[in-house]
Amino acid sequence: MKTTPPIKIFALGGLGEVGKNMYGIQYENEIILVDCGIKFPDEELRGIDYVIPDFTFLEKNKDLIKGLFITHGHEDHIGSIPFLLKRLNVPIYGGNLSIGFIKSKLEEHHLLRNAILKPVDEDSRIEFKNFSVRFLKTSHSIPDSFAVCVSTPYGNIVQTGDFKFDLTPRGGDYDIGKIAEIGNEGVFCLMSDSTNSEIPGFSLSESAVRETLFDIVNQIEGRIIFATFASNIYRLQQAIEASIAFGRRVAVFGRSMERSIRIGRELGYIQAPDDTFIAGHELNKYPARKITILCTGSQGEPMAALGRIAKGLHRQIQVIPGDTVIFSSSPIPGNATKIYKLIDQLERIGANVIHSKMSDIHTSGHGTQDEQKLMIRLLKPEYFVPIHGEYRMLVNHVKLAVDCGVEPEKTFVLDNGEILELDKDGGQVTGSFPANPVYVDGTGIGDIGNIVLRDRRLLSLYGTVIVTITIDSKNGELLSGPALVSRGFVYMKESGELLSEAERLIEKEVRMMLSDGITKWSDLKKKISDLLTSYFFEETKRSPIILPIIMEV
């Protein structure tokens with residue numbers, strides 16, 4: 001008798017981390033992908049712009065991929081799409097706002113012409129040979145947020161995307177009836193957002209944030225500089241509504257913020273009279289109490305609009321006495337230090353700063369424990385796989401699932417690249433594929449590895465010393481040098497004695513090696529490096545990177 005092949009579930013990102021979300025469901029010769037996001041670098045990833053998934057596994061199986069389904073339009077769910085489409089073209093399904101954001105990204109990368117973009121809504125149903133894909137309307141901090149329900153030969157697999165159960169939402173509501181209906185149909189496996197699995201209770205409602213925001217705007221006499229995620233459309237709408245209520249004009253700064261406002265207005269998610277918005281050069285036409293500035297930079301990004309304002313580098317905005325900066329966001333893991341440094345800079349130059357630790361000016365778009373348990377109770381899954389979270393968050397989410405009646409042996413905490421096979425008899429990890437992070441550095445993709453990152457960390461900690469010598473290629477004699485240049489190690493004008501002694505030691509060693517007839521310059525470079533490393537550590541207790549340069553004439 002023919003046996004039914006198992007369902008395979010895997011992730012290219014989003015497990016053991018916050019960001020870079022990308023998940024896959026496979027049955028026989030068909031693969032469904034859900035989301036394709038980026039992760040923002042932490043302070044250890046110096047010089048890195050973005051972290052994206054490794055698409056090698058998908059390239060090897062490109063003929064099996066039926067489509068990429070987008071839960072919502074945040075960067076950690078759509079940011080890697082241009083990099084994916086440079087490797088392989090797949091149909092992309094998403095809500096109107098998600099498709100709008102994706103189009104804008106693909107235009108920048110000159111990829112829009114060949115892209116296959118298919119808008120969907122809560123009534124859409126996409127049919128394949130083995131799969132049928134539906135969409136469940138959920139509540140998040142951005143419109144057109146969906147859970148993806150994939151019907152398979154074993155039953156429904158639901159990937160929740162980011163969600164919360166806000167009882168008094170501002171903007172998009174969720175369809176709890178349809179979620180419960182899917183649960184009554186039967187859910188074979190639930191893959192659920194784990195971001196806030198350590199936080200008890202229900203999350204703060206967007207309505208509470210709105211009330212706080214209106215109270216704050218009403219009390220502020222000077223300009224308001226409002227910083228939040230550019231894609232947090234509901235929060236932007238609230239800031240605009242509060243500004244209109246108290247007679248303020250709104251100026252928008254930051255490319256991604258301008259894009260979000262433009263697309264949000266085109267699709268009707270941001271509503272305001274045209275004369276609400278003013279250009280940057282019009283700021284001086286209005287009194288300070290009549291101005292709200294919407295800008296990027298709520299995560300402490302140094303080159304975002306708010307970062308440049310704090311450093312006095314913005315062309316059109318400088319902090320003036322009476323300005324109030326509102327941070328309406330919470331730190332992405334790893335960004336807290338940057339954010340508080342930015343707040344210090346703003347306070348130092350005279351701004352008043354309000355952030356979420358001071359008032360209810362922000363709420364997470366991710367449900368906390370009671371909301372996560374409600375999702376599990378509504379869907380009643382047989383198997384449970386926590387997604388989108390650092391490892392401890394995934395583990396804690398499993399505990400919640402077990403509390404809600406899922407059998408412990410039917411829960412699985414996975415790593416990126418592991419392949420989980422499920423059937424009616426149980427589940428097990430049966431294999432894996434490489435799913436290491438890929439670093440985007442300027443125009444370079446994937447050419448920055450751990451060794452380069454290690455060198456960057458060492459350079460930032462200890463600096464470098466460049467050693468230059470010139471050798472006669474005919475007779476192997478030292479013609480000039482050594483000459484030492486210090487960068488980030490010691491200040492040369494104040495360290496003449498240290499560097500002169502280093503030069504003397506190198507010259508002596510080089511002349512000895514040349515007289516012994518050395519012919520491999522690599523050996524000479526290693527000797528110089530070892531000698532200086534030992535000498536500098538003995539004198540300074542620091543070990544700069546040594547870069548010997550040998551010139552032949």
# chains A, B, ... in the order shown; residues from 1 in each chain; ligands from 1
>>> residues_around(residues="Met375 (chain A)", least_positions_apart="3", cutoff="9 Å", atoms="only C-alpha atoms", output="ChimeraX atom specification")
/A:160,165,179-180,192,370-372,378-380
>>> residues_around(residues="region 352-356 of chain A", least_positions_apart="5", cutoff="6 Å", atoms="only C-alpha atoms", output="number ranges by chain")
A: 324-327, 361-362
>>> write_last_selection(atoms="N, CA and C atoms", output="PDB file, in the first residue's frame")
ATOM      1  N   THR A 324      10.301  68.979  21.331  1.00  0.00           N
ATOM      2  CA  THR A 324      10.062  67.723  22.036  1.00  0.00           C
ATOM      3  C   THR A 324      10.185  66.574  21.045  1.00  0.00           C
ATOM      4  N   VAL A 325      11.043  65.621  21.362  1.00  0.00           N
ATOM      5  CA  VAL A 325      11.230  64.439  20.514  1.00  0.00           C
ATOM      6  C   VAL A 325      10.471  63.277  21.151  1.00  0.00           C
ATOM      7  N   ILE A 326       9.592  62.659  20.383  1.00  0.00           N
ATOM      8  CA  ILE A 326       8.804  61.523  20.865  1.00  0.00           C
ATOM      9  C   ILE A 326       9.284  60.260  20.155  1.00  0.00           C
ATOM     10  N   PHE A 327       9.757  59.305  20.939  1.00  0.00           N
ATOM     11  CA  PHE A 327      10.116  57.994  20.414  1.00  0.00           C
ATOM     12  C   PHE A 327       8.911  57.069  20.588  1.00  0.00           C
ATOM     13  N   ILE A 361       3.405  55.670  25.172  1.00  0.00           N
ATOM     14  CA  ILE A 361       3.483  56.260  23.843  1.00  0.00           C
ATOM     15  C   ILE A 361       3.747  55.192  22.780  1.00  0.00           C
ATOM     16  N   HIS A 362       3.904  53.945  23.207  1.00  0.00           N
ATOM     17  CA  HIS A 362       4.126  52.859  22.259  1.00  0.00           C
ATOM     18  C   HIS A 362       3.560  51.572  22.824  1.00  0.00           C
TER      19      HIS A 362
END
>>> select_by_dssp(residues="region 114-305 of chain A", states="helix (DSSP H, G or I)", output="PyMOL selection string")
chain A and resi 176-185+206-219+233-245+255-266+274-276+280-285+288-290+305
>>> closest_residue(among="A:Cys189, A:Leu547, A:Ala115, A:Leu294", to="Leu524 (chain A)", atoms="only C-alpha atoms")
A:Leu547
>>> atom_distance(atom1="CA of Ala336 (chain A)", atom2="CA of Thr212 (chain A)")
22.9 Å
>>> closest_residue(among="A:Asn416, A:Lys137, A:Cys149, A:Ser207", to="Gly177 (chain A)", atoms="only C-alpha atoms")
A:Lys137
